[in-house]
$ cat coords-v1.tsv   # TSV, C-alpha atoms
chain	number	residue	atom	x	y	z
P	1060	MET	CA	-11.19	113.21	95.71
P	1061	LYS	CA	-14.42	112.24	93.89
P	1062	ASP	CA	-13.04	112.95	90.44
P	1063	HIS	CA	-10.02	110.67	90.76
P	1064	VAL	CA	-8.61	107.58	92.43
P	1065	ILE	CA	-5.62	107.94	94.72
P	1066	ILE	CA	-3.16	105.06	94.95
P	1067	TYR	CA	-0.36	104.90	97.51
P	1068	THR	CA	2.33	102.28	96.91
P	1069	ASP	CA	5.47	100.83	98.43
P	1070	GLY	CA	7.72	97.85	97.87
P	1071	ALA	CA	10.19	96.10	100.14
P	1072	SER	CA	12.87	93.47	99.85
P	1073	ARG	CA	14.75	91.69	102.64
P	1074	GLY	CA	18.04	91.57	100.80
P	1075	ASN	CA	18.25	92.60	97.19
P	1076	PRO	CA	17.47	90.01	95.95
P	1077	GLY	CA	15.63	88.32	98.75
P	1078	PRO	CA	12.12	87.85	100.08
P	1079	GLY	CA	10.00	90.84	99.15
P	1080	GLY	CA	6.54	92.30	99.23
P	1081	TYR	CA	4.40	95.18	98.16
P	1082	GLY	CA	1.73	97.29	99.79
P	1083	THR	CA	-0.91	99.34	98.02
P	1084	ILE	CA	-3.75	101.51	99.24
P	1085	LEU	CA	-6.51	102.57	96.84
P	1086	MET	CA	-8.70	105.50	97.85
P	1087	TRP	CA	-11.86	106.76	96.19
P	1088	ASN	CA	-14.83	108.66	97.50
P	1089	GLY	CA	-13.98	107.97	101.14
P	1090	ILE	CA	-13.41	104.24	100.59
P	1091	GLU	CA	-10.01	102.65	101.15
P	1092	LYS	CA	-8.82	99.22	100.03
P	1093	GLU	CA	-5.49	97.68	101.00
P	1094	LEU	CA	-3.60	95.16	98.87
P	1095	SER	CA	-0.39	93.28	99.57
P	1096	ALA	CA	1.51	90.14	98.62
P	1097	GLY	CA	4.87	88.59	99.42
P	1098	PHE	CA	7.35	86.87	97.12
P	1099	ARG	CA	10.10	84.44	98.06
P	1100	ARG	CA	12.88	85.90	95.87
P	1101	THR	CA	12.69	89.29	94.19
P	1102	THR	CA	14.12	92.82	94.29
P	1103	ASN	CA	13.04	96.09	95.83
P	1104	ASN	CA	12.49	97.74	92.44
P	1105	ARG	CA	10.30	94.86	91.28
P	1106	MET	CA	8.17	95.18	94.41
P	1107	GLU	CA	7.87	98.96	93.99
P	1108	LEU	CA	6.58	98.31	90.48
P	1109	MET	CA	4.30	95.45	91.57
P	1110	ALA	CA	2.66	97.77	94.08
P	1111	VAL	CA	1.70	100.14	91.26
P	1112	ILE	CA	0.56	97.29	89.00
P	1113	ALA	CA	-1.58	95.74	91.75
P	1114	GLY	CA	-3.33	99.06	92.29
P	1115	LEU	CA	-4.02	99.51	88.59
P	1116	GLU	CA	-5.18	95.91	88.16
P	1117	ALA	CA	-7.69	96.37	90.97
P	1118	LEU	CA	-9.56	99.06	89.02
P	1119	LYS	CA	-12.63	97.90	87.12
P	1120	LYS	CA	-13.03	100.87	84.76
P	1121	HIS	CA	-10.85	102.43	82.08
P	1122	GLY	CA	-10.32	106.16	81.52
P	1123	VAL	CA	-10.02	106.87	85.24
P	1124	LYS	CA	-8.01	109.81	86.57
P	1125	ILE	CA	-5.46	108.37	88.97
P	1126	LYS	CA	-2.92	110.00	91.27
P	1127	ILE	CA	-0.20	107.55	92.26
P	1128	TYR	CA	1.97	108.37	95.26
P	1129	SER	CA	5.28	106.54	95.55
P	1130	ASP	CA	8.59	106.97	97.36
P	1131	SER	CA	10.39	105.25	94.45
P	1132	GLN	CA	12.43	107.58	92.26
P	1133	TYR	CA	12.99	104.56	90.01
P	1134	ILE	CA	9.28	104.30	89.22
P	1135	ILE	CA	8.53	108.00	88.98
P	1136	ASN	CA	11.58	108.92	86.90
P	1137	SER	CA	11.11	105.97	84.55
P	1138	VAL	CA	7.64	107.20	83.66
P	1139	GLU	CA	7.82	110.97	84.09
P	1140	LYS	CA	11.19	111.43	82.36
P	1141	GLY	CA	10.22	109.22	79.43
P	1142	TRP	CA	12.75	106.47	80.12
P	1143	LEU	CA	10.08	103.79	79.87
P	1144	LYS	CA	8.93	104.96	76.43
P	1145	ASN	CA	12.53	104.72	75.23
P	1146	TRP	CA	13.01	101.29	76.81
P	1147	ILE	CA	9.90	100.00	75.06
P	1148	ALA	CA	10.90	101.56	71.73
P	1149	THR	CA	14.31	99.85	71.92
P	1150	ASP	CA	12.94	96.57	73.35
P	1151	PHE	CA	14.82	97.19	76.60
P	1152	LYS	CA	18.16	97.19	74.78
P	1153	GLY	CA	21.23	97.18	76.97
P	1154	GLY	CA	19.80	94.81	79.52
P	1155	LYS	CA	17.26	97.13	81.16
P	1156	LYS	CA	15.70	95.22	84.03
P	1157	ASN	CA	12.12	94.31	84.84
P	1158	LYS	CA	10.90	94.22	81.24
P	1159	ASP	CA	8.02	91.88	82.15
P	1160	LEU	CA	6.65	94.24	84.79
P	1161	TRP	CA	7.24	97.42	82.80
P	1162	LEU	CA	5.29	96.00	79.84
P	1163	ARG	CA	2.51	94.95	82.18
P	1164	PHE	CA	2.46	98.45	83.68
P	1165	ALA	CA	2.50	100.13	80.25
P	1166	GLU	CA	-0.54	98.15	79.11
P	1167	LEU	CA	-2.48	99.09	82.24
P	1168	ALA	CA	-1.34	102.72	82.19
P	1169	GLY	CA	-2.47	103.10	78.59
P	1170	LYS	CA	-6.06	102.60	79.72
P	1171	GLN	CA	-5.99	105.32	82.42
P	1172	HIS	CA	-5.04	108.95	83.04
P	1173	ILE	CA	-2.18	108.70	85.53
P	1174	SER	CA	-0.08	111.29	87.31
P	1175	PHE	CA	2.78	110.32	89.62
P	1176	HIS	CA	3.69	112.12	92.82
P	1177	TRP	CA	6.78	111.51	94.90
P	1178	VAL	CA	6.54	111.23	98.69
P	1179	LYS	CA	9.46	110.91	101.05
P	1180	GLY	CA	9.69	107.37	102.36
P	1181	HIS	CA	9.66	106.62	106.09
P	1182	ALA	CA	8.56	110.17	106.84
P	1183	SER	CA	5.34	111.74	108.05
P	1184	ASN	CA	2.94	110.50	105.36
P	1185	PRO	CA	0.59	108.03	107.10
P	1186	HIS	CA	-0.51	106.33	103.86
P	1187	ASN	CA	3.05	105.78	102.68
P	1188	ASN	CA	3.96	104.46	106.11
P	1189	ARG	CA	1.01	102.07	106.04
P	1190	CYS	CA	2.09	100.81	102.60
P	1191	ASP	CA	5.57	100.20	104.04
P	1192	ILE	CA	4.05	98.12	106.84
P	1193	LEU	CA	1.97	96.15	104.33
P	1194	ALA	CA	5.02	95.54	102.11
P	1195	THR	CA	7.41	94.50	104.87
P	1196	SER	CA	4.78	92.32	106.56
P	1197	ALA	CA	4.13	90.59	103.24
P	1198	ALA	CA	7.88	90.06	102.72
P	1199	ASP	CA	8.14	88.54	106.19
P	1200	GLY	CA	5.08	86.33	105.70
P	1201	SER	CA	4.89	82.55	105.60
P	1202	TYR	CA	3.09	82.18	102.28
P	1203	LEU	CA	5.42	83.72	99.72
P	1204	LEU	CA	4.64	83.56	96.02
P	1205	GLU	CA	7.09	82.93	93.20
P	1206	ASP	CA	8.12	86.06	91.29
P	1207	GLU	CA	8.09	84.23	87.97
P	1208	GLY	CA	9.59	87.16	86.08
P	1209	TYR	CA	12.57	87.19	88.41
P	1210	GLU	CA	13.04	83.54	89.28
P	1211	GLY	CA	11.96	82.11	85.92
$ encode --input "coords-v1.tsv" --output "structure tokens"
Amino acid sequence: MKDHVIIYTDGASRGNPGPGGYGTILMWNGIEKELSAGFRRTTNNRMELMAVIAGLEALKKHGVKIKIYSDSQYIINSVEKGWLKNWIATDFKGGKKNKDLWLRFAELAGKQHISFHWVKGHASNPHNNRCDILATSAADGSYLLEDEGYEG
């Protein structure tokens, strides 16, 4: 684990749209850091993506090898199958959603060496389960932020 950072992520939405949240765990060299935030009106896919972005934004260095674990096929397929590159090249033509977050992700991802790994949600992976708890707790919290890209 010393040669790379591991990031576990999950997003949640109570209704779609509805109150939502994300949970992220960063792991490096035996150290773990948890991140989460809740939003008053958003979607599940936006929170899945925010979880990844929050993890990447927490890193202080560029050129880092990162393994991102997510239960979101939306996130993994968008990156691994090249959909995101096409969306950016066509300026999200056809009404592709979450342009603001995808552009934010793309800028961050361009500074790192990222590989995505799918994990089954709500299964036996303790880190994914912890991210789910962080995300749902944030969505159920009292101090919810505005998802400006969604509400604005």
$ closest_atom_pairs --input "coords-v1.tsv" --of "region 1089-1118 of chain P" --to "region 1123-1130 of chain P" --cutoff "10 Å" --atoms "all atoms listed in the file" --output "JSON lines"
{"residue": "P:Glu1107", "atom": "CA", "partner": "P:Ser1129", "partner_atom": "CA", "distance": 8.2}
{"residue": "P:Leu1108", "atom": "CA", "partner": "P:Ser1129", "partner_atom": "CA", "distance": 9.8}
{"residue": "P:Ala1110", "atom": "CA", "partner": "P:Ser1129", "partner_atom": "CA", "distance": 9.3}
{"residue": "P:Val1111", "atom": "CA", "partner": "P:Ile1127", "partner_atom": "CA", "distance": 7.7}
{"residue": "P:Gly1114", "atom": "CA", "partner": "P:Ile1127", "partner_atom": "CA", "distance": 9.0}
{"residue": "P:Leu1115", "atom": "CA", "partner": "P:Ile1125", "partner_atom": "CA", "distance": 9.0}
{"residue": "P:Leu1118", "atom": "CA", "partner": "P:Val1123", "partner_atom": "CA", "distance": 8.7}
$ residues_around --input "coords-v1.tsv" --residues "Arg1105 (chain P)" --least-positions-apart "3" --cutoff "12 Å" --atoms "all atoms listed in the file" --output "PyMOL selection string"
chain P and resi 1069-1072+1075-1081+1097-1098+1100-1102+1108-1113+1131+1133-1134+1156-1161+1163-1164+1206-1210
$ atom_distance --input "coords-v1.tsv" --atom1 "CA of Gly1154 (chain P)" --atom2 "CA of Gly1211 (chain P)"
16.2 Å
$ atom_distance --input "coords-v1.tsv" --atom1 "CA of Leu1193 (chain P)" --atom2 "CA of Tyr1067 (chain P)"
11.3 Å
$ residues_near_point --input "coords-v1.tsv" --point "(6.4, 84.3, 99.2)" --cutoff "7 Å" --atoms "only C-alpha atoms" --output "count of residues only"
11
